[in-house]
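Quick look at my_file.tsv (TSV, C-alpha atoms and all ligand atoms):
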chain	number	residue	atom	x	y	z
A	1	MET	CA	0.00	0.00	0.00
A	2	ALA	CA	1.44	3.34	-1.01
A	3	LEU	CA	0.80	5.36	2.12
A	4	ILE	CA	0.92	9.05	1.41
A	5	ASN	CA	2.47	11.80	3.49
A	6	GLY	CA	-0.71	12.65	5.38
A	7	ASN	CA	0.67	16.04	6.34
A	8	PHE	CA	-0.28	17.29	2.88
A	9	LEU	CA	-3.90	16.82	3.85
A	10	LYS	CA	-3.35	19.19	6.77
A	11	LEU	CA	-2.55	22.09	4.45
A	12	GLN	CA	-5.55	24.28	5.05
A	13	ASN	CA	-6.10	26.03	1.76
A	14	ASN	CA	-4.64	26.16	-1.66
A	15	TYR	CA	-1.37	28.01	-1.93
A	16	LEU	CA	-2.33	31.69	-1.53
A	17	PHE	CA	-1.15	32.94	-4.90
A	18	ALA	CA	-2.61	29.92	-6.70
A	19	ASP	CA	-5.95	30.69	-5.04
A	20	ILE	CA	-5.81	34.31	-6.16
A	21	ALA	CA	-4.78	33.32	-9.69
A	22	ARG	CA	-7.84	31.06	-9.89
A	23	LYS	CA	-10.19	33.84	-8.71
A	24	VAL	CA	-8.66	36.27	-11.17
A	25	ALA	CA	-8.94	33.75	-14.04
A	26	ALA	CA	-12.61	33.20	-13.22
A	27	PHE	CA	-13.19	36.96	-13.19
A	28	GLY	CA	-11.40	37.27	-16.54
A	29	GLN	CA	-13.62	34.60	-18.08
A	30	SER	CA	-16.81	36.35	-17.09
A	31	ASN	CA	-15.45	39.82	-17.84
A	32	PRO	CA	-13.33	39.39	-20.96
A	33	ASN	CA	-13.24	43.11	-21.73
A	34	ALA	CA	-12.19	44.31	-18.28
A	35	LYS	CA	-8.73	45.85	-18.16
A	36	LEU	CA	-7.22	44.24	-15.08
A	37	ILE	CA	-4.35	45.95	-13.27
A	38	ARG	CA	-2.28	43.37	-11.43
A	39	MET	CA	-0.76	44.47	-8.14
A	40	GLY	CA	-1.00	41.08	-6.46
A	41	ILE	CA	1.83	38.57	-6.68
A	42	GLY	CA	5.21	40.26	-6.77
A	43	ASP	CA	5.92	39.38	-10.36
A	44	VAL	CA	8.12	41.67	-12.40
A	45	THR	CA	6.94	43.52	-15.51
A	46	ARG	CA	10.08	45.35	-16.68
A	47	PRO	CA	12.32	43.58	-19.20
A	48	LEU	CA	15.42	41.94	-17.75
A	49	PRO	CA	18.57	44.10	-17.62
A	50	GLN	CA	20.14	44.13	-21.09
A	51	VAL	CA	23.43	42.83	-19.64
A	52	CYS	CA	21.61	39.66	-18.53
A	53	ILE	CA	19.96	39.20	-21.91
A	54	ASP	CA	23.30	39.60	-23.70
A	55	ALA	CA	25.06	37.22	-21.30
A	56	MET	CA	22.33	34.61	-21.70
A	57	HIS	CA	22.42	34.87	-25.51
A	58	LYS	CA	26.15	34.32	-25.38
A	59	ALA	CA	25.68	31.37	-23.02
A	60	VAL	CA	23.20	29.81	-25.45
A	61	ASN	CA	25.85	30.08	-28.16
A	62	ASP	CA	28.36	28.39	-25.85
A	63	LEU	CA	26.03	25.39	-25.77
A	64	ALA	CA	26.00	25.22	-29.57
A	65	ASP	CA	29.68	24.31	-29.74
A	66	SER	CA	31.23	21.16	-28.30
A	67	THR	CA	34.33	23.08	-27.17
A	68	THR	CA	32.31	25.50	-25.00
A	69	LEU	CA	29.42	23.20	-24.14
A	70	HIS	CA	28.34	22.95	-20.50
A	71	GLY	CA	26.56	19.80	-19.40
A	72	TYR	CA	25.95	19.05	-15.73
A	73	GLY	CA	27.27	21.92	-13.69
A	74	PRO	CA	28.35	21.92	-10.06
A	75	GLU	CA	25.30	21.44	-7.81
A	76	GLN	CA	26.51	24.36	-5.69
A	77	GLY	CA	26.74	26.74	-8.63
A	78	TYR	CA	29.55	27.77	-10.98
A	79	ASP	CA	32.56	29.39	-9.35
A	80	PHE	CA	32.31	32.37	-11.71
A	81	LEU	CA	28.97	33.29	-10.07
A	82	ARG	CA	29.77	32.27	-6.50
A	83	GLU	CA	32.91	34.40	-6.53
A	84	LEU	CA	31.08	37.46	-7.83
A	85	ILE	CA	28.37	37.02	-5.19
A	86	VAL	CA	30.98	36.87	-2.44
A	87	LYS	CA	32.86	39.91	-3.72
A	88	TYR	CA	29.94	42.25	-4.43
A	89	ASP	CA	27.13	41.13	-2.11
A	90	PHE	CA	29.28	40.47	0.96
A	91	ASN	CA	32.96	41.51	0.84
A	92	ALA	CA	31.96	44.94	-0.49
A	93	ARG	CA	29.91	45.41	2.70
A	94	GLY	CA	32.75	44.27	4.93
A	95	VAL	CA	31.32	40.76	5.35
A	96	ASP	CA	33.74	37.87	5.14
A	97	ILE	CA	31.93	35.05	3.30
A	98	SER	CA	33.70	32.57	1.06
A	99	ALA	CA	32.51	30.95	-2.16
A	100	ASP	CA	32.08	27.51	-0.59
A	101	GLU	CA	29.51	29.00	1.78
A	102	VAL	CA	27.33	30.09	-1.17
A	103	PHE	CA	24.90	27.63	-2.80
A	104	VAL	CA	23.35	28.85	-6.05
A	105	SER	CA	19.85	27.54	-6.67
A	106	ASP	CA	16.67	28.03	-8.65
A	107	GLY	CA	15.40	30.65	-6.22
A	108	ALA	CA	14.70	31.60	-2.64
A	109	LYS	CA	11.23	30.05	-2.60
A	110	SER	CA	12.57	26.52	-3.07
A	111	ASP	CA	15.50	27.07	-0.74
A	112	THR	CA	13.40	28.48	2.11
A	113	ALA	CA	11.08	25.49	1.69
A	114	ASN	CA	13.81	22.87	1.25
A	115	ILE	CA	15.98	23.98	4.17
A	116	VAL	CA	13.55	22.21	6.51
A	117	ASP	CA	15.03	18.91	5.24
A	118	ILE	CA	18.13	19.35	7.40
A	119	PHE	CA	16.31	19.92	10.71
A	120	SER	CA	14.60	17.45	13.00
A	121	ASP	CA	10.83	17.23	13.24
A	122	ASN	CA	11.23	17.85	16.93
A	123	ILE	CA	12.00	21.50	16.90
A	124	LYS	CA	10.09	24.60	17.74
A	125	ILE	CA	9.78	27.16	14.96
A	126	ALA	CA	8.85	30.82	15.13
A	127	ILE	CA	7.40	32.87	12.31
A	128	THR	CA	6.32	36.45	12.06
A	129	ASP	CA	2.60	36.99	11.56
A	130	PRO	CA	1.87	38.01	8.77
A	131	VAL	CA	4.39	35.89	6.89
A	132	TYR	CA	5.34	34.55	3.45
A	133	PRO	CA	3.17	31.38	3.38
A	134	VAL	CA	5.96	29.10	2.14
A	135	TYR	CA	7.64	29.07	5.58
A	136	VAL	CA	4.51	27.69	7.24
A	137	ASP	CA	3.42	25.29	4.52
A	138	SER	CA	6.85	23.68	4.16
A	139	ASN	CA	6.82	22.91	7.89
A	140	VAL	CA	3.24	21.62	7.75
A	141	ILE	CA	4.34	19.17	5.06
A	142	GLU	CA	7.13	17.96	7.35
A	143	GLY	CA	4.64	17.39	10.17
A	144	ARG	CA	6.28	19.94	12.43
A	145	THR	CA	3.46	22.36	13.06
A	146	GLY	CA	1.12	20.38	15.35
A	147	VAL	CA	-2.63	20.84	15.32
A	148	TYR	CA	-4.47	23.60	13.47
A	149	ASP	CA	-7.33	25.23	15.38
A	150	GLY	CA	-8.67	27.12	12.39
A	151	THR	CA	-6.40	30.11	12.97
A	152	TYR	CA	-3.13	28.95	14.53
A	153	TRP	CA	-0.89	25.89	14.50
A	154	SER	CA	-0.19	24.57	18.00
A	155	ASN	CA	3.52	24.02	17.45
A	156	ILE	CA	4.36	27.35	15.83
A	157	THR	CA	5.34	30.38	17.84
A	158	TYR	CA	3.75	33.39	16.18
A	159	LEU	CA	5.49	36.75	16.36
A	160	PRO	CA	2.76	39.31	15.68
A	161	CYS	CA	3.68	42.29	13.53
A	162	ASN	CA	1.01	44.95	13.73
A	163	SER	CA	0.48	48.67	14.00
A	164	GLU	CA	1.10	48.53	17.78
A	165	ASN	CA	4.67	47.33	17.39
A	166	GLY	CA	5.33	49.17	14.12
A	167	PHE	CA	5.40	45.80	12.33
A	168	VAL	CA	8.62	44.89	14.16
A	169	PRO	CA	8.45	41.44	15.77
A	170	SER	CA	9.23	41.07	19.46
A	171	LEU	CA	11.36	38.26	20.83
A	172	PRO	CA	9.43	35.08	21.66
A	173	ARG	CA	8.59	34.43	25.32
A	174	ASP	CA	9.42	30.72	25.02
A	175	LYS	CA	12.63	29.37	23.62
A	176	VAL	CA	12.43	28.57	19.90
A	177	ASP	CA	14.92	26.69	17.73
A	178	LEU	CA	14.33	28.02	14.25
A	179	ILE	CA	13.28	31.61	13.51
A	180	TYR	CA	12.14	32.83	10.10
A	181	LEU	CA	12.83	36.50	9.45
A	182	CYS	CA	12.29	38.24	6.12
A	183	PHE	CA	13.60	41.80	5.70
A	184	PRO	CA	12.79	43.94	3.77
A	185	ASN	CA	9.59	42.25	4.74
A	186	ASN	CA	7.16	40.41	2.60
A	187	PRO	CA	4.29	41.29	3.01
A	188	THR	CA	4.50	44.46	5.14
A	189	GLY	CA	7.36	46.15	3.28
A	190	THR	CA	9.03	47.16	6.54
A	191	VAL	CA	12.75	46.95	7.31
A	192	LEU	CA	14.85	46.35	10.43
A	193	THR	CA	17.68	48.62	11.52
A	194	LYS	CA	21.02	47.10	12.51
A	195	GLU	CA	20.11	47.55	16.18
A	196	GLN	CA	16.77	45.78	15.70
A	197	LEU	CA	18.35	42.88	13.81
A	198	LYS	CA	21.12	42.59	16.41
A	199	VAL	CA	18.46	41.84	19.03
A	200	TRP	CA	17.58	38.70	17.05
A	201	VAL	CA	21.16	37.63	16.47
A	202	ASP	CA	21.87	38.03	20.21
A	203	TYR	CA	18.76	36.00	21.04
A	204	ALA	CA	19.76	33.22	18.63
A	205	LEU	CA	23.31	33.07	20.00
A	206	GLU	CA	22.08	32.99	23.59
A	207	HIS	CA	19.42	30.31	22.95
A	208	ASP	CA	21.33	28.22	20.42
A	209	SER	CA	18.66	28.97	17.80
A	210	ILE	CA	19.08	29.40	14.08
A	211	ILE	CA	17.69	32.33	12.10
A	212	LEU	CA	16.55	31.67	8.55
A	213	PHE	CA	16.99	35.14	7.10
A	214	ASP	CA	15.18	35.76	3.82
A	215	ALA	CA	16.76	38.78	2.13
A	216	ALA	CA	15.06	38.31	-1.25
A	217	TYR	CA	14.19	42.03	-1.38
A	218	GLU	CA	17.62	43.35	-0.39
A	219	ALA	CA	18.06	45.27	-3.66
A	220	PHE	CA	15.18	47.56	-2.69
A	221	ILE	CA	16.89	48.94	0.42
A	222	ARG	CA	17.30	52.68	-0.02
A	223	GLU	CA	17.45	53.87	3.59
A	224	GLU	CA	20.72	54.37	5.47
A	225	GLY	CA	21.51	52.15	8.44
A	226	ILE	CA	19.53	49.18	7.18
A	227	PRO	CA	21.59	45.98	7.00
A	228	HIS	CA	21.62	44.36	3.56
A	229	SER	CA	22.81	41.06	5.00
A	230	ILE	CA	22.32	39.54	8.43
A	231	TYR	CA	26.06	38.86	8.45
A	232	GLU	CA	26.64	42.58	8.91
A	233	ILE	CA	25.69	41.81	12.53
A	234	GLU	CA	28.50	40.40	14.64
A	235	GLY	CA	28.09	36.72	15.46
A	236	ALA	CA	25.45	36.08	12.77
A	237	LYS	CA	27.65	33.58	10.95
A	238	ARG	CA	27.27	31.34	14.00
A	239	CYS	CA	23.46	31.51	14.01
A	240	ALA	CA	22.02	32.37	10.59
A	241	VAL	CA	21.38	31.07	7.11
A	242	GLU	CA	20.68	33.78	4.51
A	243	PHE	CA	18.58	33.47	1.35
A	244	ARG	CA	18.90	35.77	-1.65
A	245	SER	CA	17.08	35.93	-4.94
A	246	PHE	CA	17.71	37.33	-8.40
A	247	SER	CA	13.93	37.32	-9.01
A	248	LYS	CA	13.14	40.84	-7.96
A	249	THR	CA	16.71	42.13	-8.26
A	250	ALA	CA	17.18	41.26	-11.91
A	251	GLY	CA	13.71	40.26	-13.10
A	252	PHE	CA	14.43	36.53	-12.82
A	253	THR	CA	10.99	35.43	-11.56
A	254	GLY	CA	10.63	33.34	-14.70
A	255	VAL	CA	14.32	32.57	-15.27
A	256	ARG	CA	14.77	31.27	-11.69
A	257	CYS	CA	17.98	31.90	-9.78
A	258	GLY	CA	18.85	32.63	-6.18
A	259	TYR	CA	21.34	31.51	-3.58
A	260	THR	CA	21.65	30.47	0.01
A	261	VAL	CA	24.54	31.18	2.35
A	262	VAL	CA	25.32	28.53	4.94
A	263	PRO	CA	28.39	29.70	6.86
A	264	ARG	CA	31.02	27.11	7.71
A	265	GLU	CA	30.87	27.83	11.45
A	266	LEU	CA	27.09	27.37	11.66
A	267	THR	CA	26.14	24.26	13.63
A	268	GLY	CA	23.11	22.39	14.90
A	269	THR	CA	22.96	19.54	17.40
A	270	THR	CA	22.25	15.81	17.27
A	271	PRO	CA	19.83	14.32	19.82
A	272	SER	CA	22.88	13.32	21.89
A	273	GLY	CA	24.15	16.87	21.91
A	274	GLU	CA	27.02	16.69	19.42
A	275	ARG	CA	27.58	19.75	17.24
A	276	VAL	CA	27.17	19.18	13.50
A	277	HIS	CA	28.12	21.68	10.80
A	278	LEU	CA	25.20	22.66	8.58
A	279	ASN	CA	27.26	23.64	5.53
A	280	PRO	CA	28.21	20.04	4.62
A	281	MET	CA	24.67	18.89	5.45
A	282	TRP	CA	23.13	21.40	3.05
A	283	ASN	CA	25.76	20.46	0.48
A	284	ARG	CA	24.79	16.81	0.89
A	285	ARG	CA	21.11	17.67	0.52
A	286	GLN	CA	21.71	19.71	-2.63
A	287	THR	CA	24.00	17.18	-4.28
A	288	THR	CA	21.35	14.50	-3.80
A	289	LYS	CA	18.24	16.44	-4.69
A	290	PHE	CA	19.39	19.27	-6.97
A	291	ASN	CA	21.46	19.41	-10.14
A	292	GLY	CA	22.28	23.09	-10.16
A	293	ALA	CA	20.74	26.11	-11.86
A	294	SER	CA	21.32	26.14	-15.61
A	295	TYR	CA	24.55	27.50	-17.09
A	296	ILE	CA	22.56	30.03	-19.12
A	297	THR	CA	20.78	31.27	-16.01
A	298	GLN	CA	23.97	31.61	-13.99
A	299	ARG	CA	25.71	33.50	-16.81
A	300	GLY	CA	22.74	35.85	-16.83
A	301	ALA	CA	22.90	36.33	-13.06
A	302	ALA	CA	26.67	36.93	-13.12
A	303	ALA	CA	26.18	39.80	-15.57
A	304	ILE	CA	24.50	42.00	-12.96
A	305	TYR	CA	27.78	42.33	-11.06
A	306	SER	CA	29.49	44.42	-13.76
A	307	PRO	CA	29.33	48.21	-13.26
A	308	GLU	CA	26.86	48.43	-16.16
A	309	GLY	CA	24.85	45.55	-14.68
A	310	GLN	CA	24.65	47.36	-11.34
A	311	ARG	CA	23.50	50.51	-13.09
A	312	GLN	CA	20.79	48.68	-15.00
A	313	VAL	CA	19.54	46.84	-11.92
A	314	LYS	CA	19.35	50.09	-9.96
A	315	GLU	CA	17.39	51.72	-12.78
A	316	ILE	CA	14.80	48.93	-12.76
A	317	ILE	CA	14.43	48.88	-8.96
A	318	ASP	CA	14.14	52.68	-8.96
A	319	TYR	CA	11.35	52.32	-11.50
A	320	TYR	CA	9.38	50.02	-9.18
A	321	LEU	CA	10.13	52.20	-6.14
A	322	HIS	CA	8.74	55.17	-8.06
A	323	ASN	CA	5.47	53.19	-8.34
A	324	ALA	CA	5.65	52.41	-4.63
A	325	ALA	CA	5.95	56.15	-3.93
A	326	THR	CA	2.95	56.86	-6.18
A	327	ILE	CA	0.88	54.31	-4.27
A	328	ARG	CA	2.04	55.58	-0.89
A	329	THR	CA	1.38	59.23	-1.72
A	330	THR	CA	-2.04	58.70	-3.30
A	331	LEU	CA	-3.39	56.41	-0.62
A	332	THR	CA	-1.97	58.47	2.24
A	333	LYS	CA	-3.62	61.61	0.83
A	334	MET	CA	-6.89	59.69	0.69
A	335	GLY	CA	-6.57	58.89	4.39
A	336	TYR	CA	-5.47	55.26	4.16
A	337	THR	CA	-3.11	53.96	6.84
A	338	LEU	CA	-0.18	52.14	5.35
A	339	CYS	CA	3.46	51.14	5.69
A	340	GLY	CA	6.23	49.77	3.45
A	341	GLY	CA	7.12	50.80	-0.07
A	342	VAL	CA	10.20	52.86	0.86
A	343	SER	CA	12.85	50.13	0.86
A	344	ALA	CA	10.56	47.38	-0.39
A	345	PRO	CA	8.24	46.76	-3.33
A	346	TYR	CA	5.21	46.06	-1.13
A	347	ILE	CA	2.79	48.49	0.49
A	348	TRP	CA	0.75	47.17	3.41
A	349	VAL	CA	-2.55	49.00	3.56
A	350	ARG	CA	-5.22	49.00	6.26
A	351	THR	CA	-8.53	48.20	4.57
A	352	PRO	CA	-11.08	51.05	4.68
A	353	GLU	CA	-14.13	51.07	6.94
A	354	GLY	CA	-13.12	47.89	8.74
A	355	MET	CA	-13.60	45.74	5.63
A	356	SER	CA	-12.17	42.24	5.79
A	357	SER	CA	-9.14	41.52	3.62
A	358	TRP	CA	-11.10	39.27	1.26
A	359	ASP	CA	-14.03	41.71	1.00
A	360	PHE	CA	-11.60	44.42	-0.02
A	361	PHE	CA	-9.98	42.02	-2.48
A	362	ASP	CA	-13.41	41.29	-4.03
A	363	HIS	CA	-14.28	45.00	-4.14
A	364	LEU	CA	-11.04	45.92	-5.91
A	365	LEU	CA	-11.34	43.02	-8.33
A	366	ASN	CA	-15.02	43.24	-9.17
A	367	ASP	CA	-15.60	47.00	-9.00
A	368	LEU	CA	-12.23	48.52	-9.90
A	369	HIS	CA	-10.58	45.64	-11.78
A	370	ILE	CA	-7.46	45.80	-9.63
A	371	VAL	CA	-5.78	42.67	-8.26
A	372	GLY	CA	-4.06	42.83	-4.89
A	373	THR	CA	-3.35	40.33	-2.14
A	374	PRO	CA	-5.59	39.99	0.92
A	375	GLY	CA	-3.51	40.46	4.07
A	376	VAL	CA	-5.17	37.61	5.93
A	377	GLY	CA	-3.67	35.23	3.36
A	378	PHE	CA	-0.33	35.90	5.10
A	379	GLY	CA	-1.62	35.08	8.57
A	380	PRO	CA	-4.25	36.05	11.15
A	381	GLU	CA	-2.58	39.39	11.95
A	382	GLY	CA	-3.03	40.29	8.29
A	383	GLU	CA	-6.83	40.39	8.61
A	384	GLY	CA	-8.02	43.91	7.83
A	385	TYR	CA	-4.92	44.57	5.70
A	386	PHE	CA	-4.19	44.41	2.02
A	387	ARG	CA	-0.90	44.15	0.12
A	388	LEU	CA	-0.29	46.12	-3.04
A	389	SER	CA	2.80	45.44	-5.07
A	390	SER	CA	4.64	48.04	-7.11
A	391	PHE	CA	5.68	45.71	-9.94
A	392	ASN	CA	3.62	47.27	-12.69
A	393	SER	CA	4.16	50.05	-15.21
A	394	HIS	CA	4.02	53.73	-14.17
A	395	GLU	CA	0.92	54.11	-16.34
A	396	ASN	CA	-0.96	51.19	-14.79
A	397	THR	CA	0.03	52.18	-11.28
A	398	ARG	CA	-1.24	55.71	-11.85
A	399	GLU	CA	-4.43	54.37	-13.40
A	400	ALA	CA	-5.00	52.00	-10.47
A	401	MET	CA	-4.62	54.90	-8.04
A	402	GLU	CA	-6.99	56.96	-10.16
A	403	ARG	CA	-9.56	54.16	-10.05
A	404	ILE	CA	-9.29	53.90	-6.27
A	405	ARG	CA	-9.54	57.69	-5.91
A	406	ASN	CA	-12.61	57.87	-8.15
A	407	LYS	CA	-13.99	54.50	-7.02
A	408	ARG	CA	-14.52	53.40	-10.62
A	501	LIG	C1	5.02	37.42	-3.46
A	501	LIG	O1	4.24	38.03	-4.18
A	501	LIG	O2	4.88	37.34	-2.23
A	501	LIG	C2	6.18	36.75	-4.11
A	501	LIG	O3	6.28	37.12	-5.43
A	501	LIG	C3	6.02	35.30	-4.05
A	501	LIG	C4	7.31	34.61	-4.33
A	501	LIG	O4	8.36	35.24	-4.46
A	501	LIG	O5	7.26	33.38	-4.40

Please express what this file holds, its structure, as C-alpha cells.
Amino acid sequence: MALINGNFLKLQNNYLFADIARKVAAFGQSNPNAKLIRMGIGDVTRPLPQVCIDAMHKAVNDLADSTTLHGYGPEQGYDFLRELIVKYDFNARGVDISADEVFVSDGAKSDTANIVDIFSDNIKIAITDPVYPVYVDSNVIEGRTGVYDGTYWSNITYLPCNSENGFVPSLPRDKVDLIYLCFPNNPTGTVLTKEQLKVWVDYALEHDSIILFDAAYEAFIREEGIPHSIYEIEGAKRCAVEFRSFSKTAGFTGVRCGYTVVPRELTGTTPSGERVHLNPMWNRRQTTKFNGASYITQRGAAAIYSPEGQRQVKEIIDYYLHNAATIRTTLTKMGYTLCGGVSAPYIWVRTPEGMSSWDFFDHLLNDLHIVGTPGVGFGPEGEGYFRLSSFNSHENTREAMERIRNKR
C-alpha cells in the first residue's frame, strides 16, 4: 500500500497565490473586456537588464559548440557566479563570506522550503505573523506544526507584527529553535535597523537557535543604516542562514535563480548533543536532490555584477520604487493607513471602513478591476490589511490609483 504523506492533507487552503490566480482567471472569463491591473503577486513587468539578456544569448551560443558546451554543472553553482556574489554582495559590505559557503539555486522560494530537510521534526519554529506562506506550509508538510485550530498551529510560535509594534516582531517568550525573518519584509514592506536585527542575532546566540533570514528584497533597500545582509551583525555567521534571490533584483521570476549562504561555522545539534556543521549537510542535501541552476541562467545572473549591470539593476528597482511612492502618496492623501514601499516593493494597507481583507480584495477586483493580495492570506494578523505590489508600469500604477480615488 502506497501510504501518502498525510501532512499534505493538513494544508488548510490552496497556496495563496494559486488561489488568487484562480479567482482572477474566473473573473477574466466572465469579464473578458475588463482591463485588469495586477498588483497582487510580486511578479516583475520590466524587461530583464540588457546585460543579462546579452550574457544569456552568449551562453546559449556556448552550448552550440562542443568546445564550450556545459553539461551538468556543479550542484553548488559555478565558481564564476559564487565568486562574484561573495565579492559584491558580501565583501563589499565588509562581510567575510567565502565561495564555498554560497549555494546557487533556482530561487529563494525553493530554498526556504527545502531547508527544513536538514532539521529534525522535533524542533520549535517561530514565524512572524503576517508571513510569506511558504515558511509555514513547508513545515506543515514535514509534520512539524502540530494541530491547526482554524487560525493557529499549535507548534508554531507566532510573532505578531502589527500597527502597535510598528510591524517589528518582538522576541518570543518561550525558547524557539528556528526563527524565520524576512527583511525587507514580505508582506509588510518594513525593514529592520542594525540595532533591531542585532536583538535577534543576540537571542539566537544565547538560545542556540538558528535564524533563517530571507533577504530576497535586499536590492530595494534605499534607507541608510539598514543591514543588507544579516552577516553585517557580529556573530550572525554562528546563528544564521541567509537566502537571496535574483527574481526581484534582476527580473528573474521566470528565469529562476537565487542563492543560500550557509556559513562554515554554523552548527546544529544531534539528539545526543554533538555539534554538526550545517554547511556540509546542506551540500549533501543539494548534491542528492538538486542538479544546479542552468549554465545560461547563472551567466545571466553573473552579468549583474558588472558596473553596467549594477547601473541597469538600480534603474529597474528605482522604476518600481517610483510606483511604490505613487501608491504611498495617493493612498496616504486619501486617508489610508499604510506602511512599506520605501525600501521594499510592497505596500501594506489598512482596509477602509473595517472591511475584511477578502471583501476588499473582491471590491477591488469586481468593481475597480485591480488585483491585490488579501492580508489575511499571510496570517491572522493580516486580517483587515491588504498588500499592493509596485511591480507594474508607471501608467498602470497611476491608473489604479486613479480608479481607487474615483472608485470606478
Ligand atoms: C510574493 O508576491 O509574495 C512573491 O512574489 C512570491 C514569491 O516570491 O514566491

task: Please provide the set of residues having any atom within 10 Å of Thr287 of chain A, restricted to only C-alpha atoms, with same-chain residues fewer than 5 positions apart removed, written as a PyMOL selection string.
output: chain A and resi 74-76+281-282+292

If the limit is 10 Å from any atom of ligand LIG 501 (chain A), counting all atoms listed in the file, which residues qualify? Return them as a tab-separated table (two decimals) with C-alpha atoms, in the frame of the given file.
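The resulting file, pocket_13.tsv, is shown below:
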chain	number	residue	atom	x	y	z
A	16	LEU	CA	-2.33	31.69	-1.53
A	17	PHE	CA	-1.15	32.94	-4.90
A	39	MET	CA	-0.76	44.47	-8.14
A	40	GLY	CA	-1.00	41.08	-6.46
A	41	ILE	CA	1.83	38.57	-6.68
A	42	GLY	CA	5.21	40.26	-6.77
A	43	ASP	CA	5.92	39.38	-10.36
A	44	VAL	CA	8.12	41.67	-12.40
A	107	GLY	CA	15.40	30.65	-6.22
A	108	ALA	CA	14.70	31.60	-2.64
A	109	LYS	CA	11.23	30.05	-2.60
A	110	SER	CA	12.57	26.52	-3.07
A	131	VAL	CA	4.39	35.89	6.89
A	132	TYR	CA	5.34	34.55	3.45
A	133	PRO	CA	3.17	31.38	3.38
A	134	VAL	CA	5.96	29.10	2.14
A	185	ASN	CA	9.59	42.25	4.74
A	186	ASN	CA	7.16	40.41	2.60
A	187	PRO	CA	4.29	41.29	3.01
A	216	ALA	CA	15.06	38.31	-1.25
A	217	TYR	CA	14.19	42.03	-1.38
A	245	SER	CA	17.08	35.93	-4.94
A	247	SER	CA	13.93	37.32	-9.01
A	248	LYS	CA	13.14	40.84	-7.96
A	253	THR	CA	10.99	35.43	-11.56
A	345	PRO	CA	8.24	46.76	-3.33
A	346	TYR	CA	5.21	46.06	-1.13
A	372	GLY	CA	-4.06	42.83	-4.89
A	373	THR	CA	-3.35	40.33	-2.14
A	378	PHE	CA	-0.33	35.90	5.10
A	387	ARG	CA	-0.90	44.15	0.12
A	388	LEU	CA	-0.29	46.12	-3.04
A	389	SER	CA	2.80	45.44	-5.07
A	391	PHE	CA	5.68	45.71	-9.94

Nearest to Val371 of chain A by atom-to-atom distance, counting only C-alpha atoms, from A:Ile404, A:Ile230, A:Cys239, A:Ala59: A:Ile404

Neighbour list for Ala215 of chain A as a PyMOL selection string, cut-off 8 Å, only C-alpha atoms, skip fewer than 5 positions in-chain: chain A and resi 182-184+228-229+242-245

- prompt: Pick from A:Ile226, A:Cys339, A:Leu9, A:Leu48: nearest to Val140 of chain A, with all atoms listed in the file counted?
  reply: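 Going through A:Ile226, A:Cys339, A:Leu9, A:Leu48 one by one, the smallest distance to Val140 of chain A is for A:Leu9.
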
task: Go ahead and compute the interatomic distance for atom CA of Phe220 of chain A and atom CA of Ser170 of chain A, in Å to one decimal.
output: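 For atom CA of Phe220 of chain A relative to atom CA of Ser170 of chain A, the distance reads 23.8 Å.
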
query: What is the atom CA of Asp129 of chain A to atom CA of Glu381 of chain A distance in Å?
result: 5.7 Å

- prompt: Between A:Val24, A:Ile156, A:Leu69, A:Ile85, which is the closest to Ser306 of chain A once you count only C-alpha atoms?
  reply: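 Counting only C-alpha atoms, the residue closest to Ser306 of chain A is A:Ile85.
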
9 Å contact set for Ala240 of chain A, all atoms listed in the file, chain neighbours under 4 positions out, as a VMD selection string: chain A and resid 201 204 209 to 213 230 to 231 235 to 236 261 to 263 266

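One finds atom CA of Asp208 of chain A at 12.6 Å from atom CA of Lys237 of chain A.
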
- request: May I ask which of the residues A:Ile370, A:Ala126, A:Leu338, A:Ala301 is the closest one to Phe167 of chain A, counting all atoms listed in the file?
  value: A:Leu338

- request: Find the residues with any atom within 10 Å of (-3.3, 37.5, 9.8); use all atoms listed in the file and the coordinates as given in the file, and write the answer as an MDAnalysis selection string.
  value: chainID A and resid 128:131 151:152 160:162 357 374:385

Taking 5 positions as the minimum chain separation for residues in the same chain, which residues sit within 8 Å of Thr337 of chain A when counting all atoms listed in the file? Answer as a short mmCIF file (atom, residue, chain, number, x, y, z; two decimals) with C-alpha atoms, keeping the file's coordinate frame.
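Dumped everything to part25.cif:
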data_model
loop_
_atom_site.label_atom_id
_atom_site.label_comp_id
_atom_site.auth_asym_id
_atom_site.auth_seq_id
_atom_site.Cartn_x
_atom_site.Cartn_y
_atom_site.Cartn_z
CA LEU A 331 -3.39 56.41 -0.62
CA THR A 332 -1.97 58.47 2.24
CA VAL A 349 -2.55 49.00 3.56
CA ARG A 350 -5.22 49.00 6.26
#

Might I get the box with edges along x, y and z of the file that holds all atoms of segment 351-361 of chain A listed there, padded by 8 Å on every side, given as centre and edge lengths in Å to one decimal, as JSON?
{"center_x": -11.3, "center_y": 45.2, "center_z": 3.1, "size_x": 21.6, "size_y": 27.8, "size_z": 27.2}

task: Using only C-alpha atoms, find all polymer residues with an atom at most 6 Å away from the point (21.1, 34.3, -9.8); report them as a PyMOL selection string.
output: chain A and resi 246+257-258+298+301

- line: Residue with the minimum atom-to-atom distance to Asn396 of chain A, picked from A:Ile327, A:Ala303, A:Leu278, A:Ile347 with all atoms listed in the file counted, is A:Ile327

task: Extract, using all atoms listed in the file, all DNA, RNA and protein residues at most 9 Å from Asp137 of chain A, discarding same-chain residues fewer than 6 positions from it, and format them as a count of residues only.
output: 4

Output: segment 369-382 of chain A of the preceding structure, restricted to C-alpha atoms, written as a compact mmCIF listing (two decimals), in the first residue's frame.
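Generated file (result.txt):
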# COMPACT_ATOMS: atom_id res chain seq x y z
CA HIS A 369 -10.58 45.64 -11.78
CA ILE A 370 -7.46 45.80 -9.63
CA VAL A 371 -5.78 42.67 -8.26
CA GLY A 372 -4.06 42.83 -4.89
CA THR A 373 -3.35 40.33 -2.14
CA PRO A 374 -5.59 39.99 0.92
CA GLY A 375 -3.51 40.46 4.07
CA VAL A 376 -5.17 37.61 5.93
CA GLY A 377 -3.67 35.23 3.36
CA PHE A 378 -0.33 35.90 5.10
CA GLY A 379 -1.62 35.08 8.57
CA PRO A 380 -4.25 36.05 11.15
CA GLU A 381 -2.58 39.39 11.95
CA GLY A 382 -3.03 40.29 8.29
